[in-house]
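*Asks:* Okay, handing you the structure first.
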Amino acid sequence: MSRTSRSFRTAAVATLAALGMLATACGGDGGSTDSKSDGKPVTINYWTWTLGAKSTVEAFNRTHKDIKVKFTEIPSSTEGYSKLSNAVKAGNAPDVATIEYQMVPEFASQGNLIDLTKYAGETVKSKFPASVQSLVTFGGKTWTVPYDVAPQLYYYRTDLFKKYGIEVPKTWDEFKAAAAKVKKKDKNVRLASMPKSDPALLAALSWQAGGKWFATEGDAWKPGVNDAPSKKVAAYWDGLIKDDLVQSFTAYSPEETKARTSGKTLSFLGASWSAGGMKTAMPDLSGKWAAAPMPNWGTAAGGNYGGTSYGVLKGSKHAEAATEFIKWLTTNKAGVEARLADLESPSSALPANSEMREVAAAKFDTSYLNGQDLYQLASAQVDTIVPGWTWGPNQMDVYTAVQDATAKSGFAAGVDAGQQKAETGITERGLKLAK
C-alpha cells in the first residue's frame, strides 16, 4: 500500500478544512459507563449487510460473558444508509453499524457517529496502514475502525471462456472485442452485465480511469462527478448497452444470478469481497470460476469498490462495549476466523490489518475458485489503486441522484445528475463550493 499512502493522507488533511465541522466534534459522545452493576451482560445491537456477520456474532456471544450482541441484517447501499440515518433521527439506532469508507465523512459530519478516539484511536493508529487510517480519521478524531480494503477484481467462467474461445481481457478495448465475439457466437449469451443500479461500481470504474468525484481547494469542495474520465467510463458502458453487447440486470437481483448460473452471463465486475457470495449464490458452479485483475485503460490501475469499517452510532448507551466488539471483529484472530467460518454467508473480504490478512488467507476455502489464491491476487491489486480519490460530504445523495438518472437515461445522464446534486448539496449544507 506504500504507493497510495501519501496521497490518501494528503487528501484527508485537505478534507478536514472543507468539512470544517468535523474538527469541532460534530459527532456525539458515548454517554455511558456501560455499567454492569445489575450482574447482567450489556446488550448491544449490530446492524450490517456484510457476509459472515451471523457466525461472528455467534462466536463473540459464546466467548464473552459481559457483552451480548444482537444482530440485524439490513440492505446494502443507499437503502441501508437511509435506514441508519433515519434510525439516528428517530432515536432508535443500533450501537454498531457497518459504514463503508465513502460514507464515513458524510456520517461523521452529520453527527451520526460517536467520536471513538478515546475508545479506538490507538487501535486504529497501531493496527492499520496510514492509507486506511486516513479514511476513518478526520480532524484528529477517529470516527470508525477499518475492516477491509476492496480492490476491484474480474470474475469469469473458465469453462465457458474456453467454450467460446475467449481470452481473459486485460484492457477495456479487449473487453469490448470479447463481448462482440460472444454475442456473435450465441445471440442469447453476453460477456457481462453492467447494472444501472450500483453507483458504487460506477464510482470505482471512474476512480480506475483517473476520475475524482470530489476534491478540495483550501476550505472549499470541488465536485467532479462528471469529469472527463468519468464521462469516458459512462460513454463506454452506454455504448456497450446500446449495442447490446452487455446486459444490464439490477445488481444482486435474482435475474442477475440466474443469468450467471445458467451460463447466459460469462463474467462480472466485482471486488475482493465478491467471492464469498458466489459460494452461496452459485454453489453448483464450484471450480468453474476464476478471478483476474480488472481490465484497464492501458495501464495497470484500479479503484476501491467498497471497503468497510465499523462505527458506533449517535445515541448508543454502550460505546465502550460496542468498541470492544468492533476491535474483536477487526483485529482479533478469532473474529476474522469466525467471519470466514460462516457456511451460510462466507466472507472473502480482504482485511486491512496485515496480520489479519494472513489469518483470512489461511482460513479461506479456495476450492470454489479451483484452488486459486484469491488473497494473493487481491493484495497485489491494492497497490494498483489510483491515489488521490476523495469522498464527498453528501455522498449518499450523490449516489441516489446517479442511480435514479442512470436508470432512466443512462450512465452519462447519471454522472451529470450526480454532479448537479454534489454542487447543490454542498451549498445547502453550508459548505463552500470551489469556483
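Numbering starts fresh at 1 for the residues of each chain in the C-alpha cells, the chains themselves are lettered A, B, ... in the order given, and ligands are numbered from 1 as they appear.
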Just the residues within 8 Å of stretch 288-298 of chain A, please, counting only C-alpha atoms, with nothing from its chain fewer than 6 positions along; format it as a compact mmCIF listing (two decimals) with C-alpha atoms, in the first residue's frame.
*Replies:*
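Writing done, so here's part-v4.txt:
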# COMPACT_ATOMS: atom_id res chain seq x y z
CA GLN A 152 -11.62 -4.43 -7.93
CA LEU A 153 -11.43 -7.91 -9.44
CA TYR A 154 -12.80 -9.50 -12.61
CA TYR A 155 -14.55 -12.89 -12.21
CA TYR A 156 -15.11 -15.20 -15.18
CA ARG A 157 -16.33 -18.71 -16.05
CA THR A 158 -13.25 -20.69 -17.06
CA ASP A 159 -15.26 -23.43 -18.78
CA VAL A 168 -9.39 -13.00 -20.29
CA PRO A 169 -9.48 -9.31 -21.32
CA LYS A 170 -6.67 -7.18 -19.94
CA THR A 171 -7.95 -3.87 -21.32
CA TRP A 172 -11.38 -2.35 -21.87
CA ASP A 173 -10.78 -2.49 -25.64
CA PHE A 175 -13.30 -6.48 -23.14
CA GLN A 208 -9.79 3.43 -12.01
CA ALA A 209 -9.93 5.69 -15.08
CA LEU A 269 -17.14 -6.91 -12.36
CA TYR A 368 -14.69 -22.75 -5.17
CA LEU A 369 -12.12 -20.92 -7.30
CA ASN A 370 -10.38 -24.21 -8.09
CA GLN A 372 -6.74 -20.06 -6.81
CA LEU A 374 -7.66 -15.07 -4.05
CA LEU A 377 -4.33 -11.69 -6.18
CA GLN A 381 -4.34 -5.23 -6.76
*Asks:* As a ChimeraX atom specification, please: the residues near A:Gly277 (cut-off 10 Å, only C-alpha atoms, same-chain neighbours under 4 positions excluded).
*Replies:* /A:50-52,273,281-283,344-348
*Asks:* Would you output that residue set with N, CA, C and O atoms, as a compact mmCIF listing (two decimals), in the first residue's frame?
*Replies:*
# COMPACT_ATOMS: atom_id res chain seq x y z
N THR A 50 -23.09 -7.27 5.76
CA THR A 50 -21.87 -7.97 5.38
C THR A 50 -21.97 -9.48 5.58
O THR A 50 -22.61 -9.96 6.52
N LEU A 51 -21.31 -10.20 4.70
CA LEU A 51 -21.28 -11.65 4.79
C LEU A 51 -20.50 -12.09 6.03
O LEU A 51 -19.56 -11.43 6.46
N GLY A 52 -20.90 -13.20 6.58
CA GLY A 52 -20.23 -13.73 7.75
C GLY A 52 -20.64 -13.12 9.07
O GLY A 52 -20.11 -13.49 10.12
N TRP A 273 -14.33 -8.89 -2.09
CA TRP A 273 -15.39 -9.44 -1.25
C TRP A 273 -16.41 -10.28 -2.03
O TRP A 273 -17.25 -10.96 -1.44
N ALA A 281 -24.54 -18.13 -3.64
CA ALA A 281 -25.46 -17.81 -4.73
C ALA A 281 -25.39 -18.82 -5.86
O ALA A 281 -26.38 -19.08 -6.55
N MET A 282 -24.19 -19.41 -6.07
CA MET A 282 -23.99 -20.32 -7.20
C MET A 282 -23.21 -21.56 -6.75
O MET A 282 -22.12 -21.86 -7.25
N PRO A 283 -23.74 -22.31 -5.80
CA PRO A 283 -23.00 -23.44 -5.23
C PRO A 283 -22.66 -24.53 -6.23
O PRO A 283 -21.65 -25.21 -6.08
N GLU A 344 -23.20 -20.30 5.75
CA GLU A 344 -24.39 -19.77 5.10
C GLU A 344 -24.07 -18.53 4.30
O GLU A 344 -24.66 -18.27 3.25
N SER A 345 -23.16 -17.70 4.79
CA SER A 345 -22.77 -16.49 4.07
C SER A 345 -21.29 -16.22 4.29
O SER A 345 -20.90 -15.30 4.99
N PRO A 346 -20.44 -17.05 3.68
CA PRO A 346 -19.00 -16.91 3.90
C PRO A 346 -18.45 -15.61 3.33
O PRO A 346 -18.91 -15.10 2.31
N SER A 347 -17.46 -15.06 4.00
CA SER A 347 -16.86 -13.79 3.60
C SER A 347 -15.51 -14.02 2.93
O SER A 347 -14.75 -14.91 3.32
N SER A 348 -15.22 -13.20 1.94
CA SER A 348 -13.90 -13.22 1.30
C SER A 348 -13.27 -11.83 1.37
O SER A 348 -12.40 -11.49 0.57
*Asks:* Give me the residues within 7 Å of A:Pro199 as a ChimeraX atom specification, counting only C-alpha atoms and dropping any in the same chain fewer than 5 places off.
*Replies:* /A:399,402-403
*Asks:* If you count only C-alpha atoms, which residues fall within 12 Å of A:Lys184, apart from same-chain ones fewer than 5 positions away, as a count of residues only?
*Replies:* 10
*Asks:* In Å, how far is it from atom CA of A:Ser193 to atom CA of A:Ser267?
*Replies:*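 We find that atom CA of A:Ser193 and atom CA of A:Ser267 lie 7.9 Å from each other.
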*Asks:* Pick from A:Thr299, A:Ser272, A:Ser206, A:Ser126: nearest to A:Val233, with only C-alpha atoms counted?
*Replies:*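 Looking at the shortest contact to A:Val233, the residue is A:Ser206.
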*Asks:* How many Å separate atom CA of A:Gly315 from atom CA of A:Lys125?
*Replies:* 25.3 Å
*Asks:* Kindly indicate which residue among A:Ala322, A:Val246, A:Leu113, A:Ala108 lies nearest to A:Asn188, using only C-alpha atoms for the distances.
*Replies:*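 Looking only at the distances to A:Asn188, the closest residue turns out to be A:Val246.
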*Asks:* Please indicate the distance in Å from atom CA of A:Ala401 to atom CA of A:Ala251, rounded to one decimal place.
*Replies:*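 These atoms are spaced 16.7 Å apart.
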*Asks:* Where in stretch 233-395 of chain A does DSSP assign strand (DSSP E), given as an NGL selection string?
*Replies:* :A and (267-271 or 289-293 or 308-312 or 350-351)
*Asks:* List as a count of residues only the protein and nucleic acid residues near A:Asn394, meaning an atom at most 10 Å away when only C-alpha atoms are counted, but skip any in the same chain fewer than 3 places from it.
*Replies:* 18
*Asks:* Compare A:Ser253, A:Thr43, A:Thr216, A:Gln419 by their minimum atom-to-atom distance to A:Leu431, counting only C-alpha atoms, and give me the closest one.
*Replies:*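 Result for the nearest residue to A:Leu431: A:Thr216.
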*Asks:* Determine the nearest neighbour of A:Ser286 from the options A:Thr250, A:Ser82, A:Ser367, A:Asn332, counting only C-alpha atoms.
*Replies:* A:Ser367
*Asks:* Restricting the calculation to only C-alpha atoms, which member of A:Leu266, A:Met278, A:Val149, A:Ala412 is positioned closest to A:Val132?
*Replies:* A:Val149
*Asks:* Would you please give, as a VMD selection string, all residues of stretch 187-355 of chain A that DSSP assigns to helix (DSSP H, G or I) based on the backbone?
*Replies:* chain A and resid 199 to 208 228 to 242 254 to 261 274 to 281 283 to 285 319 to 331 333 to 340 354 to 355
